[in-house]
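What follows is data16.txt (compact mmCIF, C-alpha atoms).
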# COMPACT_ATOMS: atom_id res chain seq x y z
CA MET Q 1 -86.40 77.49 68.29
CA THR Q 2 -83.34 76.34 66.70
CA GLN Q 3 -80.09 78.14 67.55
CA PRO Q 4 -77.68 78.78 64.75
CA PRO Q 5 -74.37 77.07 64.97
CA PRO Q 6 -71.56 79.09 66.51
CA THR Q 7 -69.34 80.88 64.17
CA PRO Q 8 -65.74 79.88 64.43
CA PRO Q 9 -63.42 82.64 65.49
CA GLU Q 10 -61.54 84.39 62.87
CA TYR Q 11 -57.88 84.71 63.17
CA PRO Q 12 -56.40 87.82 61.83
CA GLU Q 13 -54.23 87.30 58.91
CA PRO Q 14 -50.82 88.70 58.78
CA THR Q 15 -50.19 91.65 56.69
CA GLY Q 16 -49.28 91.00 53.11
CA ARG Q 17 -50.39 87.40 52.75
CA PRO Q 18 -50.09 86.53 49.05
CA ASP Q 19 -52.77 83.83 49.15
CA ARG Q 20 -55.50 86.17 50.25
CA PRO Q 21 -55.55 89.34 48.35
CA GLY Q 22 -57.69 92.09 49.57
CA ALA Q 23 -57.72 90.83 53.13
CA ALA Q 24 -57.48 93.24 55.93
CA GLN Q 25 -53.98 93.86 56.86
CA VAL Q 26 -54.24 93.11 60.60
CA PRO Q 27 -51.04 92.03 62.22
CA ARG Q 28 -51.17 88.46 63.32
CA GLN Q 29 -49.58 87.53 66.62
CA ALA Q 30 -48.53 84.03 67.38
CA PRO Q 31 -49.81 82.53 70.56
CA PRO Q 32 -47.25 82.67 73.31
CA TYR Q 33 -45.27 79.49 73.85
CA PRO Q 34 -44.79 78.20 77.30
CA GLN Q 35 -41.46 79.26 78.77
CA HIS Q 36 -39.01 76.96 80.54
CA PRO Q 37 -39.34 77.42 84.26
CA GLN Q 38 -36.52 79.50 85.69
CA TYR Q 39 -34.71 77.47 88.31
CA PRO Q 40 -32.53 79.28 90.84
CA GLN Q 41 -28.82 79.10 90.19
CA TYR Q 42 -27.01 76.57 92.44
CA PRO Q 43 -23.87 77.92 94.06
CA PRO Q 44 -20.82 76.92 92.04
CA TYR Q 45 -18.94 73.91 93.17
CA PRO Q 46 -15.41 74.35 94.39
CA GLN Q 47 -12.63 74.01 91.88
CA GLN Q 48 -11.23 71.00 93.64
CA THR Q 49 -12.62 67.76 92.35
CA ALA Q 50 -13.48 64.72 94.36
CA PRO Q 51 -11.08 61.79 94.36
CA GLY Q 52 -11.52 59.74 91.23
CA ALA Q 53 -13.44 62.41 89.29
CA SER Q 54 -12.04 63.96 86.18
CA PRO Q 55 -11.16 67.63 86.57
CA TYR Q 56 -11.70 68.23 82.85
CA VAL Q 57 -15.50 67.78 82.76
CA PRO Q 58 -17.12 71.18 81.89
CA GLN Q 59 -19.51 72.55 84.41
CA GLN Q 60 -22.18 73.28 81.80
CA ALA Q 61 -22.70 69.57 81.26
CA THR Q 62 -23.66 69.07 84.88
CA PRO Q 63 -27.40 69.75 85.41
CA ALA Q 64 -28.16 72.22 88.09
CA PRO Q 65 -29.82 70.56 91.06
CA PRO Q 66 -33.13 71.94 92.24
CA GLN Q 67 -33.14 74.52 94.92
CA TYR Q 68 -33.77 73.26 98.37
CA PRO Q 69 -36.41 75.01 100.44
CA THR Q 70 -35.16 77.83 102.52
CA GLY Q 71 -36.48 79.06 105.77
CA PRO Q 72 -35.64 79.45 109.38
CA THR Q 73 -36.26 75.75 110.04
CA ALA Q 74 -35.10 74.32 106.76
CA PRO Q 75 -32.01 72.13 106.94
CA GLN Q 76 -28.95 73.62 105.37
CA PRO Q 77 -26.87 71.50 103.09
CA VAL Q 78 -23.72 70.28 104.70
CA TYR Q 79 -20.77 69.95 102.37
CA PRO Q 80 -17.78 67.79 103.17
CA GLN Q 81 -15.00 69.70 104.84
CA ALA Q 82 -12.32 67.75 103.05
CA ALA Q 83 -13.41 69.23 99.72
CA VAL Q 84 -12.25 72.69 100.75
CA PRO Q 85 -8.76 72.62 102.34
CA PRO Q 86 -8.14 75.01 105.19
CA PRO Q 87 -6.29 78.15 104.25
CA TYR Q 88 -2.54 77.77 104.58
CA PRO Q 89 -1.17 80.05 107.26
CA HIS Q 90 0.94 82.88 106.01
CA ALA Q 91 3.51 82.31 108.76
CA PRO Q 92 4.32 79.08 110.65
CA ALA Q 93 3.10 78.75 114.16
CA PRO Q 94 5.70 79.81 116.68
CA TYR Q 95 7.71 76.94 118.08
CA PRO Q 96 6.91 76.36 121.72
CA GLN Q 97 9.67 77.77 123.83
CA ALA Q 98 11.19 75.74 126.62
CA ALA Q 99 10.10 76.54 130.08
CA ALA Q 100 12.16 79.31 131.52
CA ALA Q 101 14.56 78.27 134.22
CA PRO Q 102 13.58 79.42 137.65
CA THR Q 103 15.19 82.61 138.69
CA HIS Q 104 17.53 80.95 141.14
CA PRO Q 105 20.68 82.53 142.45
CA GLN Q 106 22.55 79.48 141.20
CA ALA Q 107 21.87 80.43 137.56
CA ALA Q 108 24.00 83.54 137.81
CA VAL Q 109 26.39 82.93 140.69
CA PRO Q 110 27.01 79.44 142.13
CA PRO Q 111 26.03 79.18 145.76
CA PRO Q 112 28.87 78.92 148.25
CA PRO Q 113 30.00 75.47 149.36
CA GLY Q 114 28.27 75.75 152.72
CA SER Q 115 24.93 76.81 151.24
CA PRO Q 116 22.01 74.32 151.40
CA LEU Q 117 21.24 75.29 147.79
CA HIS Q 118 24.42 73.68 146.49
CA PRO Q 119 23.66 70.55 144.41
CA HIS Q 120 26.12 68.48 146.47
CA HIS Q 121 24.77 69.57 149.82
CA ILE Q 122 23.43 66.73 151.94
CA SER Q 123 21.26 66.71 155.01
CA THR Q 124 23.04 65.63 158.16
CA ASP Q 125 19.88 65.17 160.24
CA ARG Q 126 19.90 61.57 161.31
CA GLY Q 127 17.63 59.68 163.65
CA ARG Q 128 18.28 56.11 164.64
CA VAL Q 129 21.60 54.66 163.53
CA HIS Q 130 22.17 50.98 162.70
CA ILE Q 131 25.59 49.71 163.74
CA ALA Q 132 26.87 46.74 161.74
CA GLY Q 133 28.17 43.70 163.55
CA GLN Q 134 31.44 43.62 161.58
CA GLN Q 135 33.27 46.90 161.85
CA ARG Q 136 36.47 45.99 160.03
CA ARG Q 137 37.83 43.36 157.72
CA THR Q 138 41.02 42.53 155.84
CA ASP Q 139 40.34 42.60 152.12
CA ALA Q 140 42.58 41.41 149.29
CA ALA Q 141 44.44 44.72 149.04
CA ALA Q 142 45.35 44.70 152.75
CA PHE Q 143 46.40 41.05 152.64
CA GLY Q 144 48.50 41.66 149.51
CA ASN Q 145 50.15 44.63 151.18
CA LEU Q 146 51.20 42.49 154.14
CA LEU Q 147 52.44 39.74 151.84
CA LEU Q 148 54.55 42.11 149.76
CA HIS Q 149 56.09 43.63 152.86
CA LEU Q 150 57.38 40.22 153.92
CA PRO Q 151 60.75 40.56 152.03
CA ASN Q 152 61.21 43.99 153.59
CA PHE Q 153 60.46 42.47 156.99
CA LEU Q 154 63.09 39.77 156.46
CA CYS Q 155 65.67 42.33 155.40
CA SER Q 156 64.89 44.40 158.47
CA LEU Q 157 65.19 41.29 160.64
CA ILE Q 158 68.66 40.66 159.22
CA VAL Q 159 69.68 44.24 159.93
CA VAL Q 160 68.36 44.07 163.51
CA THR Q 161 70.12 40.74 164.02
CA LEU Q 162 73.44 42.18 162.81
CA VAL Q 163 73.04 45.11 165.17
CA SER Q 164 72.12 42.80 168.06
CA LEU Q 165 75.42 40.97 167.62
CA LEU Q 166 77.15 44.08 168.84
CA LEU Q 167 75.26 43.85 172.14
CA GLY Q 168 76.28 40.32 172.95
CA GLU Q 169 73.84 38.53 175.24
CA LEU Q 170 71.43 41.48 175.27
CA GLY Q 171 71.02 41.24 171.55
CA ILE Q 172 68.11 38.83 171.82
CA LEU Q 173 66.22 41.40 173.84
CA LEU Q 174 66.66 43.90 171.03
CA ILE Q 175 65.20 41.46 168.52
CA LEU Q 176 62.20 40.69 170.76
CA ALA Q 177 61.58 44.35 171.48
CA TRP Q 178 61.60 45.12 167.76
CA LEU Q 179 59.15 42.33 167.01
CA ALA Q 180 56.79 43.50 169.76
CA SER Q 181 57.00 47.10 168.69
CA GLY Q 182 54.51 46.47 165.88
CA ALA Q 183 51.70 46.59 168.42
CA LEU Q 184 52.47 50.25 169.04
CA VAL Q 185 50.82 51.24 165.77
CA PHE Q 186 47.48 50.45 167.42
CA HIS Q 187 48.32 52.36 170.59
CA ARG Q 188 46.41 55.64 170.68
CA PRO Q 189 49.20 57.84 172.14
CA THR Q 190 51.68 56.39 169.64
CA GLU Q 191 49.21 57.03 166.81
CA SER Q 192 48.82 60.62 167.94
CA ALA Q 193 52.58 61.12 168.06
CA LEU Q 194 53.01 59.67 164.57
CA ALA Q 195 50.17 61.81 163.21
CA ARG Q 196 51.55 64.96 164.79
CA HIS Q 197 55.22 64.57 163.90
CA LEU Q 198 55.22 62.53 160.71
CA LEU Q 199 51.97 63.59 159.02
CA ARG Q 200 51.86 67.16 160.40
CA LEU Q 201 48.28 66.81 161.66
CA ARG Q 202 46.64 68.64 164.55
CA TYR Q 203 43.46 68.49 166.57
CA PRO Q 204 40.59 70.54 165.10
CA THR Q 205 39.38 73.71 166.79
CA PRO Q 206 35.84 73.84 168.24
CA GLN Q 207 34.62 75.66 165.13
CA GLU Q 208 36.24 73.08 162.86
CA ARG Q 209 34.89 70.24 164.94
CA ALA Q 210 31.38 71.68 164.68
CA LYS Q 211 31.77 71.55 160.90
CA LEU Q 212 33.36 68.10 160.65
CA GLU Q 213 31.42 66.05 163.18
CA PRO Q 214 27.92 66.27 161.56
CA VAL Q 215 29.39 65.19 158.22
CA TRP Q 216 31.35 62.38 159.82
CA ARG Q 217 28.25 61.24 161.71
CA GLU Q 218 26.36 61.01 158.43
CA VAL Q 219 29.14 59.00 156.78
CA THR Q 220 29.48 56.51 159.63
CA ALA Q 221 25.70 56.18 159.93
CA ARG Q 222 25.42 55.15 156.30
CA ALA Q 223 28.29 52.69 156.70
CA GLY Q 224 26.96 51.23 159.95
CA VAL Q 225 30.20 52.08 161.71
CA ASP Q 226 30.64 53.48 165.19
CA GLY Q 227 32.09 56.92 164.49
CA ARG Q 228 33.45 57.28 168.01
CA THR Q 229 36.09 54.67 167.18
CA TYR Q 230 37.96 57.17 165.00
CA GLU Q 231 39.49 60.59 165.57
CA LEU Q 232 39.21 63.59 163.27
CA TRP Q 233 42.36 65.59 162.59
CA VAL Q 234 43.17 68.58 160.40
CA GLU Q 235 46.19 69.30 158.23
CA ASP Q 236 47.14 72.94 157.62
CA SER Q 237 47.44 72.67 153.88
CA ASP Q 238 45.97 74.50 150.90
CA SER Q 239 45.69 71.36 148.79
CA LEU Q 240 42.71 69.07 148.39
CA ASN Q 241 43.66 65.94 150.28
CA ALA Q 242 42.79 63.60 153.13
CA VAL Q 243 44.53 60.74 154.90
CA ALA Q 244 43.66 57.59 156.82
CA ALA Q 245 46.47 57.23 159.34
CA ALA Q 246 47.32 54.38 161.67
CA GLY Q 247 44.23 52.56 162.86
CA HIS Q 248 41.94 55.28 164.15
CA ILE Q 249 42.80 58.65 162.54
CA VAL Q 250 41.01 60.41 159.68
CA GLY Q 251 42.67 63.64 158.62
CA VAL Q 252 41.46 66.25 156.13
CA THR Q 253 43.17 69.37 154.88
CA ARG Q 254 42.01 72.84 155.79
CA PHE Q 255 41.29 73.54 152.13
CA ALA Q 256 38.97 70.53 151.83
CA MET Q 257 37.15 71.46 155.02
CA ASN Q 258 36.54 75.11 154.07
CA ASN Q 259 36.08 74.94 150.30
CA LEU Q 260 34.11 71.76 149.67
CA PRO Q 261 30.34 71.35 150.07
CA ASN Q 262 29.46 69.01 152.87
CA GLY Q 263 28.47 66.32 150.34
CA GLU Q 264 31.90 66.33 148.70
CA LEU Q 265 33.57 66.52 152.12
CA ALA Q 266 31.51 63.48 153.12
CA ALA Q 267 32.69 61.67 149.98
CA VAL Q 268 36.32 62.35 150.94
CA MET Q 269 35.71 61.09 154.47
CA ALA Q 270 33.86 58.02 153.18
CA HIS Q 271 36.87 57.24 150.99
CA GLU Q 272 39.20 57.38 153.99
CA LEU Q 273 36.76 55.32 156.03
CA GLY Q 274 36.95 52.71 153.27
CA HIS Q 275 40.71 52.47 153.89
CA HIS Q 276 40.07 51.88 157.59
CA VAL Q 277 37.23 49.40 157.08
CA GLY Q 278 39.20 47.44 154.49
CA GLY Q 279 42.32 47.26 156.66
CA HIS Q 280 44.47 49.29 154.26
CA ALA Q 281 45.56 51.85 156.87
CA TRP Q 282 46.80 49.52 159.58
CA SER Q 283 48.38 46.99 157.18
CA GLY Q 284 50.26 49.75 155.35
CA LEU Q 285 51.50 51.28 158.58
CA LEU Q 286 52.49 47.90 160.01
CA GLY Q 287 54.43 47.00 156.86
CA TYR Q 288 56.12 50.38 156.85
CA TRP Q 289 57.08 50.02 160.51
CA TYR Q 290 58.72 46.61 160.11
CA ALA Q 291 60.46 47.72 156.90
CA LEU Q 292 61.94 50.78 158.57
CA PRO Q 293 65.25 49.17 159.74
CA GLY Q 294 65.91 47.86 156.25
CA ARG Q 295 65.14 51.28 154.74
CA ILE Q 296 67.54 52.96 157.14
CA ALA Q 297 70.28 50.44 156.34
CA TRP Q 298 69.70 50.92 152.60
CA ARG Q 299 70.02 54.69 152.87
CA MET Q 300 73.20 54.37 154.88
CA LEU Q 301 74.62 51.96 152.32
CA ARG Q 302 73.82 54.35 149.48
CA ALA Q 303 75.47 57.23 151.31
CA VAL Q 304 78.66 55.22 152.00
CA THR Q 305 78.75 53.92 148.43
CA GLY Q 306 78.39 57.43 147.03
CA PHE Q 307 81.19 58.70 149.24
CA LEU Q 308 83.53 55.87 148.20
CA PHE Q 309 82.74 56.48 144.56
CA GLN Q 310 83.72 60.12 144.88
CA VAL Q 311 87.00 59.06 146.55
CA SER Q 312 87.72 56.51 143.82
CA ARG Q 313 87.40 59.18 141.15
CA ALA Q 314 90.47 60.87 142.59
CA PHE Q 315 92.56 57.86 141.46
CA SER Q 316 91.38 58.17 137.86
CA CYS Q 317 90.03 55.18 135.98
CA ILE Q 318 91.96 52.63 137.96
CA GLY Q 319 90.35 53.68 141.20
CA VAL Q 320 86.87 53.66 139.67
CA ALA Q 321 87.42 50.19 138.23
CA PHE Q 322 88.68 48.90 141.58
CA PHE Q 323 85.67 50.36 143.33
CA GLY Q 324 83.32 48.78 140.81
CA VAL Q 325 84.89 45.37 141.28
CA CYS Q 326 84.65 45.59 145.06
CA VAL Q 327 81.03 46.73 145.07
CA GLY Q 328 80.06 44.16 142.45
CA GLY Q 329 81.69 41.33 144.36
CA LEU Q 330 80.04 42.35 147.60
CA ALA Q 331 76.64 42.62 145.94
CA LEU Q 332 77.04 39.21 144.28
CA ALA Q 333 78.05 37.60 147.56
CA THR Q 334 75.10 39.16 149.34
CA ILE Q 335 72.63 38.06 146.69
CA THR Q 336 74.03 34.54 146.65
CA SER Q 337 74.06 34.14 150.42
CA LEU Q 338 70.55 35.54 150.82
CA TYR Q 339 69.10 33.45 147.97
CA GLY Q 340 68.33 36.44 145.77
CA LEU Q 341 66.35 38.27 148.41
CA PRO Q 342 67.96 41.67 147.69
CA LEU Q 343 66.86 41.43 144.05
CA LEU Q 344 63.33 40.78 145.21
CA VAL Q 345 63.51 43.79 147.50
CA LEU Q 346 64.47 46.02 144.57
CA GLY Q 347 61.22 45.15 142.79
CA MET Q 348 59.01 45.52 145.83
CA PRO Q 349 58.33 49.27 145.45
CA TYR Q 350 56.63 48.68 142.09
CA ALA Q 351 54.50 45.85 143.43
CA LEU Q 352 53.55 47.84 146.53
CA ALA Q 353 52.56 50.80 144.34
CA ALA Q 354 50.30 48.52 142.29
CA VAL Q 355 48.63 47.21 145.46
CA GLY Q 356 48.25 50.79 146.68
CA ARG Q 357 46.43 51.74 143.48
CA ARG Q 358 44.11 48.79 143.96
CA SER Q 359 43.35 49.85 147.53
CA GLU Q 360 42.45 53.34 146.29
CA LEU Q 361 39.93 51.89 143.87
CA ARG Q 362 38.43 49.79 146.65
CA ALA Q 363 38.10 52.87 148.87
CA ASP Q 364 36.39 54.70 145.98
CA ARG Q 365 33.96 51.83 145.65
CA HIS Q 366 33.21 51.98 149.37
CA ALA Q 367 32.36 55.69 149.17
CA ALA Q 368 30.26 55.21 146.04
CA ALA Q 369 28.30 52.37 147.63
CA LEU Q 370 27.30 54.73 150.43
CA GLY Q 371 25.69 57.10 147.91
CA PHE Q 372 28.55 59.56 147.42
CA ALA Q 373 29.45 58.63 143.83
CA PRO Q 374 28.48 62.01 142.22
CA MET Q 375 30.25 63.94 144.97
CA LEU Q 376 33.36 61.77 144.70
CA ALA Q 377 33.42 62.28 140.91
CA ALA Q 378 33.32 66.05 141.46
CA VAL Q 379 36.23 65.80 143.92
CA LEU Q 380 38.22 63.71 141.44
CA ASP Q 381 37.59 66.32 138.77
CA LYS Q 382 38.98 69.04 141.03
CA LEU Q 383 42.00 66.89 141.86
CA HIS Q 384 42.54 66.32 138.14
CA GLN Q 385 42.50 70.05 137.47
CA GLN Q 386 45.04 70.66 140.23
CA GLU Q 387 47.25 67.88 138.84
CA GLN Q 388 47.08 69.38 135.35
CA LEU Q 389 48.15 72.77 136.66
CA ARG Q 390 51.01 71.21 138.61
CA THR Q 391 52.11 69.17 135.60
CA ALA Q 392 51.98 72.23 133.35
CA ALA Q 393 54.13 74.17 135.80
CA LEU Q 394 56.69 71.36 136.02
CA THR Q 395 56.72 70.93 132.26
CA ALA Q 396 57.32 74.63 131.74
CA ALA Q 397 60.14 74.56 134.28
CA ASP Q 398 61.77 71.51 132.67
CA GLN Q 399 61.18 72.85 129.15
CA GLY Q 400 58.72 70.18 128.14
CA ALA Q 401 60.44 67.17 129.70
CA PRO Q 402 58.03 64.19 129.74
CA VAL Q 403 57.14 62.40 132.93
CA PRO Q 404 59.22 59.20 133.17
CA ALA Q 405 57.35 55.92 133.09
CA ALA Q 406 59.02 54.76 136.31
CA SER Q 407 57.39 57.58 138.26
CA ARG Q 408 53.97 56.52 136.99
CA LEU Q 409 54.65 52.92 137.99
CA LEU Q 410 55.69 54.05 141.46
CA SER Q 411 52.54 56.15 141.96
CA SER Q 412 50.34 54.88 144.78
CA HIS Q 413 47.18 56.46 143.30
CA PRO Q 414 45.51 55.58 139.98
CA ASP Q 415 45.11 58.25 137.35
CA TYR Q 416 41.92 60.29 137.04
CA HIS Q 417 40.46 58.40 134.08
CA THR Q 418 40.92 55.00 135.72
CA ARG Q 419 39.18 56.06 138.91
CA LEU Q 420 36.33 57.71 137.02
CA HIS Q 421 35.92 54.60 134.86
CA HIS Q 422 35.43 52.42 137.94
CA LEU Q 423 32.77 54.84 139.23
CA GLN Q 424 30.61 54.67 136.10
CA GLN Q 425 28.48 51.82 137.39
CA TYR Q 426 27.49 53.96 140.39
CA LEU Q 427 26.96 57.14 138.34
CA GLN Q 428 24.48 55.58 135.89
CA PRO Q 429 20.80 56.23 136.78
CA THR Q 430 18.95 53.24 138.19
CA ARG Q 431 15.91 51.97 136.29

I need this file expressed as C-alpha cells, please.
Amino acid sequence: MTQPPPTPPEYPEPTGRPDRPGAAQVPRQAPPYPQHPQYPQYPPYPQQTAPGASPYVPQQATPAPPQYPTGPTAPQPVYPQAAVPPPYPHAPAPYPQAAAAPTHPQAAVPPPPGSPLHPHHISTDRGRVHIAGQQRRTDAAAFGNLLLHLPNFLCSLIVVTLVSLLLGELGILLILAWLASGALVFHRPTESALARHLLRLRYPTPQERAKLEPVWREVTARAGVDGRTYELWVEDSDSLNAVAAAGHIVGVTRFAMNNLPNGELAAVMAHELGHHVGGHAWSGLLGYWYALPGRIAWRMLRAVTGFLFQVSRAFSCIGVAFFGVCVGGLALATITSLYGLPLLVLGMPYALAAVGRRSELRADRHAAALGFAPMLAAVLDKLHQQEQLRTAALTAADQGAPVPAASRLLSSHPDYHTRLHHLQQYLQPTR
C-alpha cells in the first residue's frame, strides 16, 4: 500500500501580509538565533601599564581572556608583584636610635681619681719584672748641657783661682777641693741635704708611700729599671709638679699625689724617670754646681756696681759719666784679657734654656713610649689650664702688659702646644 507523501509543515504567516489576502492572521515568530556565549568577566587590570606598553590603549579593545577553572586544587594565577607598587607609608619609619649609654656613675658624676672606674686608672699588679742591662745613658740633651756649662765652669775656675791667691801656698788645695767636690752630687747624704734645703722636699709618710710605691713599681717595671735605685720624695705644694733631683731622687707634689689618677701620676713619674735615664738630672746638677762660684761672683759684682752707680748720681752728670767710663774700661779689659769669654757667658742662659726644653721633650717621649701618652696629655692639659689662670691673673694685675719675649726664651719648659704636638705620634691609634 502506497503511503502518501508527507505534507510539508505550514508556517504561520504574519498578520497583515499584503501578498496573501484572506490568510489567517496568526502571528509569526522568528526562530530564535543562537546567542553569543556569556564569558565571565576577567578582573580589571591595574591602571599601571607594563614597561614599553602604551597607556592610551582603551581597555575595550583588549579581548577578555577565558576564565580559568576554579576549584580547591586549581592553580591560581600569579601576577607580577612589580606591576602593583607597595603602598607608600603614611609616615616614615622611625630612625633607629643609638644604643643608650650604660647607666654608669661616670655619666653623671666623674669618678674620683683613686677609683678603678676612672679612664686613666691602671692596674699595678705585676708579676715577673725584666730588668734592662743598661740602666742609664747620656743622651744628646745631657751632653749638650755639659758642653754649654763649660764657659760657666771656666769662669768659676777663674774666681776660685783668684780667691786661692789670698791663701798663698794653701790656695792649690782650695782649687783641688773645689774640683773634687763635683762627686758630692752623687753622694746620697749630700743629695738628701740638697733636696731638703734647696728643693723643700721631705720623706713621704707611710700612707703616702703606700700610694706612691705601687705606681712607681709599675713605671720602673715597664722601663726595665731597678726602682730601688731611686728615692721617692714629696713636696708640700698645691701645684701640679714633679722634679728629678740629683742622681737618685724623684719628687712629686702633694697635689699631684692626692688629686691625680694613678695613671696620670704614673705618667708624671715616668717623665721624671726619663730625666734620670737620659742623664738630664745629674748633668744639670753637675753643671749648676761648678757654675756656682761664677754665679756668686756675678751677683756680688752687680751689687757693688749698683751701689757705686747710686753714689755717682750724687755728683750729678759728671759723676755718672765718670762711673760709666770706669765700668766700661774695666769690662773691655776683662773681655779682651779673657778672649771674649764674658760675652759668651752672657748668652749661655738662653742656650741652656733651649737645651732644657729639648730635654723636656725627650722625657715626654720616654713616658709616652712606656704607654702613658694619653695620661701625659691629660696632665699637660691640666698644666695648661693652670698656666692660663696664672697668666690671666698677672695680666689683670699688670693691666694687660704682654709677656716679654726674653722670658719665653729663658723658659726651661716648652709651651703646651709644642709638647702636645710631639705626643701626637703616640696618641694616634695603631692599625

Separation of atom CA of Gly284 of chain Q from atom CA of Asp226 of chain Q, in Å and rounded to one decimal: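 Here the two named atoms are 22.3 Å from each other.
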
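All residues of protein, DNA or RNA that reach within 9 Å of segment 124-135 of chain Q, judged by only C-alpha atoms and not counting those fewer than 4 positions away in the chain, are Pro214, Val215, Arg217, Glu218, Thr220, Ala221, Arg222, Ala223, Gly224, Val225, Asp226, Asn262 and Val277 of chain Q.
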
Surrounding residues of Leu292 of chain Q excluding itself and chain neighbours under 3 positions, 12 Å, all atoms listed in the file, as a PyMOL selection string: chain Q and resi 149+152-157+159-160+178+181-182+285-289+295-299

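The nearest approach to Val304 of chain Q among the residues Q:Val327, Q:Gln385, Q:His275, Q:Asn145, with only C-alpha atoms taken into account, belongs to Q:Val327.
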
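The residue that comes closest to Arg357 of chain Q, out of Q:Arg209, Q:His187, Q:His413, Q:Arg136 and on the basis of only C-alpha atoms, is Q:His413.
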
Gap from atom CA of Leu201 of chain Q to atom CA of Gly251 of chain Q - Å, one decimal: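 Pair atom CA of Leu201 of chain Q / atom CA of Gly251 of chain Q returns 7.1 Å.
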
Straight-line distance linking atom CA of Phe323 of chain Q with atom CA of Val345 of chain Q, stated in Å to one decimal: 23.5 Å
